[in-house]
Amino acid sequence: MGLSLRGMGSETTHTPFSLPMPNILCQNSRMRKAFAIMFIVLGCLFGAISLWSGSGLLTDTTTTDTVIADCKKEVSNRQYSRESGASKSEAMERCVEDGWKALGMVGPFYLIGFVIFGIFSLLFLFIGRRLYRKPKN
């Protein structure tokens, strides 16, 4: 059953709730290629972030000596000793312990970033490749 529209001497028949263009996303090949390129660029950016995070995980050079040197600088500052309300040896112990805790959390954050950004990178690259290679309708 169709709907008949009359006007200006012509008759047009449309069925209710039908769209003249059924593919709303990526109407033509130019739009599809533009979306494909955007997805490929996003995939490359996320891949670069993932590789940066992986290289940070593998080449982290912060050592215990670095933590102790930073703590010596902080504890030698008089304001730090007054704020903590502890002697210099206690302040040094607290500072080194906090530094080790922070140092221990660097690796897992690099690993999580590597995995998550890597997954998004592969997903965006796959979608972009699929859109780019999709045949014209």
# chains A, B, ... in the order shown; residues from 1 in each chain; ligands from 1
>>> residues_around(residues="segment 41-56 of chain A", least_positions_apart="6", cutoff="12 Å", atoms="only C-alpha atoms", output="PDB file with C-alpha atoms, in the first residue's frame")
ATOM      1  CA  ALA A  34      37.279   9.624   3.962  1.00  0.00           C
ATOM      2  CA  PHE A  35      36.085   7.590   6.958  1.00  0.00           C
ATOM      3  CA  THR A  62      64.919   4.833  37.078  1.00  0.00           C
ATOM      4  CA  VAL A 106      55.496   2.709  36.672  1.00  0.00           C
ATOM      5  CA  GLY A 107      55.789  -0.708  34.999  1.00  0.00           C
ATOM      6  CA  PRO A 108      52.135  -1.746  35.297  1.00  0.00           C
ATOM      7  CA  PHE A 109      50.977   1.612  33.911  1.00  0.00           C
ATOM      8  CA  TYR A 110      53.279   1.245  30.911  1.00  0.00           C
ATOM      9  CA  LEU A 111      52.027  -2.312  30.383  1.00  0.00           C
ATOM     10  CA  ILE A 112      48.352  -1.331  30.624  1.00  0.00           C
ATOM     11  CA  GLY A 113      48.905   1.556  28.198  1.00  0.00           C
ATOM     12  CA  PHE A 114      50.718  -0.731  25.767  1.00  0.00           C
ATOM     13  CA  VAL A 115      47.906  -3.297  25.745  1.00  0.00           C
ATOM     14  CA  ILE A 116      44.920  -0.937  25.652  1.00  0.00           C
ATOM     15  CA  PHE A 117      46.303   1.429  23.017  1.00  0.00           C
ATOM     16  CA  GLY A 118      47.493  -1.557  20.989  1.00  0.00           C
ATOM     17  CA  ILE A 119      44.018  -3.088  20.958  1.00  0.00           C
ATOM     18  CA  PHE A 120      42.418   0.204  19.893  1.00  0.00           C
ATOM     19  CA  SER A 121      45.081   0.643  17.232  1.00  0.00           C
ATOM     20  CA  LEU A 122      44.380  -2.767  15.714  1.00  0.00           C
ATOM     21  CA  LEU A 123      40.618  -2.170  15.875  1.00  0.00           C
ATOM     22  CA  PHE A 124      40.835   1.204  14.093  1.00  0.00           C
ATOM     23  CA  LEU A 125      43.233  -0.148  11.474  1.00  0.00           C
ATOM     24  CA  PHE A 126      40.967  -3.128  10.786  1.00  0.00           C
ATOM     25  CA  ILE A 127      37.875  -0.933  10.409  1.00  0.00           C
ATOM     26  CA  GLY A 128      39.740   1.521   8.188  1.00  0.00           C
ATOM     27  CA  ARG A 129      41.098  -1.244   5.969  1.00  0.00           C
TER      28      ARG A 129
END
>>> closest_residue(among="A:Leu57, A:Val67, A:Ala36, A:Met31", to="Lys101 of chain A", atoms="only C-alpha atoms")
A:Val67
>>> residues_around(residues="Thr64 of chain A", least_positions_apart="6", cutoff="9 Å", atoms="only C-alpha atoms", output="tab-separated table (two decimals) with C-alpha atoms, in the first residue's frame")
chain	number	residue	atom	x	y	z
A	96	VAL	CA	62.58	6.38	49.99
A	99	GLY	CA	59.77	6.56	45.95
A	100	TRP	CA	59.94	2.77	45.77
A	103	LEU	CA	58.77	3.24	41.07
>>> decode(residues="segment 56-113 of chain A", atoms="C-alpha atoms", output="short mmCIF file (atom, residue, chain, number, x, y, z; two decimals), in the first residue's frame")
data_model
loop_
_atom_site.label_atom_id
_atom_site.label_comp_id
_atom_site.auth_asym_id
_atom_site.auth_seq_id
_atom_site.Cartn_x
_atom_site.Cartn_y
_atom_site.Cartn_z
CA GLY A 56 58.96 3.09 28.18
CA LEU A 57 58.32 -0.28 29.80
CA LEU A 58 61.43 -1.83 28.28
CA THR A 59 63.82 1.11 28.74
CA ASP A 60 62.83 2.49 32.15
CA THR A 61 66.12 3.64 33.68
CA THR A 62 64.92 4.83 37.08
CA THR A 63 66.93 2.98 39.71
CA THR A 64 67.10 2.89 43.48
CA ASP A 65 70.08 5.26 43.35
CA THR A 66 67.94 7.82 41.54
CA VAL A 67 65.22 7.54 44.19
CA ILE A 68 67.73 7.97 47.02
CA ALA A 69 69.38 10.98 45.34
CA ASP A 70 65.99 12.66 44.88
CA CYS A 71 65.08 11.97 48.52
CA LYS A 72 68.37 13.45 49.75
CA LYS A 73 67.54 16.66 47.89
CA GLU A 74 64.03 16.77 49.33
CA VAL A 75 65.02 15.98 52.91
CA SER A 76 67.83 18.54 52.87
CA ASN A 77 65.19 21.19 52.21
CA ARG A 78 64.27 22.62 55.63
CA GLN A 79 60.65 23.17 54.71
CA TYR A 80 60.19 19.46 53.96
CA SER A 81 61.51 18.49 57.40
CA ARG A 82 59.24 21.02 59.16
CA GLU A 83 56.14 19.88 57.27
CA SER A 84 56.62 16.19 58.00
CA GLY A 85 57.33 16.79 61.69
CA ALA A 86 59.95 14.01 61.76
CA SER A 87 63.69 13.81 62.10
CA LYS A 88 65.83 13.75 58.96
CA SER A 89 66.41 9.99 59.15
CA GLU A 90 62.67 9.28 59.53
CA ALA A 91 61.87 11.70 56.70
CA MET A 92 64.48 9.99 54.52
CA GLU A 93 63.00 6.54 55.24
CA ARG A 94 59.49 7.76 54.39
CA CYS A 95 60.68 9.45 51.21
CA VAL A 96 62.58 6.38 49.99
CA GLU A 97 59.63 4.12 50.75
CA ASP A 98 57.27 6.42 48.81
CA GLY A 99 59.77 6.56 45.95
CA TRP A 100 59.94 2.77 45.77
CA LYS A 101 56.14 2.55 45.75
CA ALA A 102 55.98 5.04 42.90
CA LEU A 103 58.77 3.24 41.07
CA GLY A 104 56.89 -0.05 41.42
CA MET A 105 53.76 1.39 39.79
CA VAL A 106 55.50 2.71 36.67
CA GLY A 107 55.79 -0.71 35.00
CA PRO A 108 52.13 -1.75 35.30
CA PHE A 109 50.98 1.61 33.91
CA TYR A 110 53.28 1.24 30.91
CA LEU A 111 52.03 -2.31 30.38
CA ILE A 112 48.35 -1.33 30.62
CA GLY A 113 48.90 1.56 28.20
#
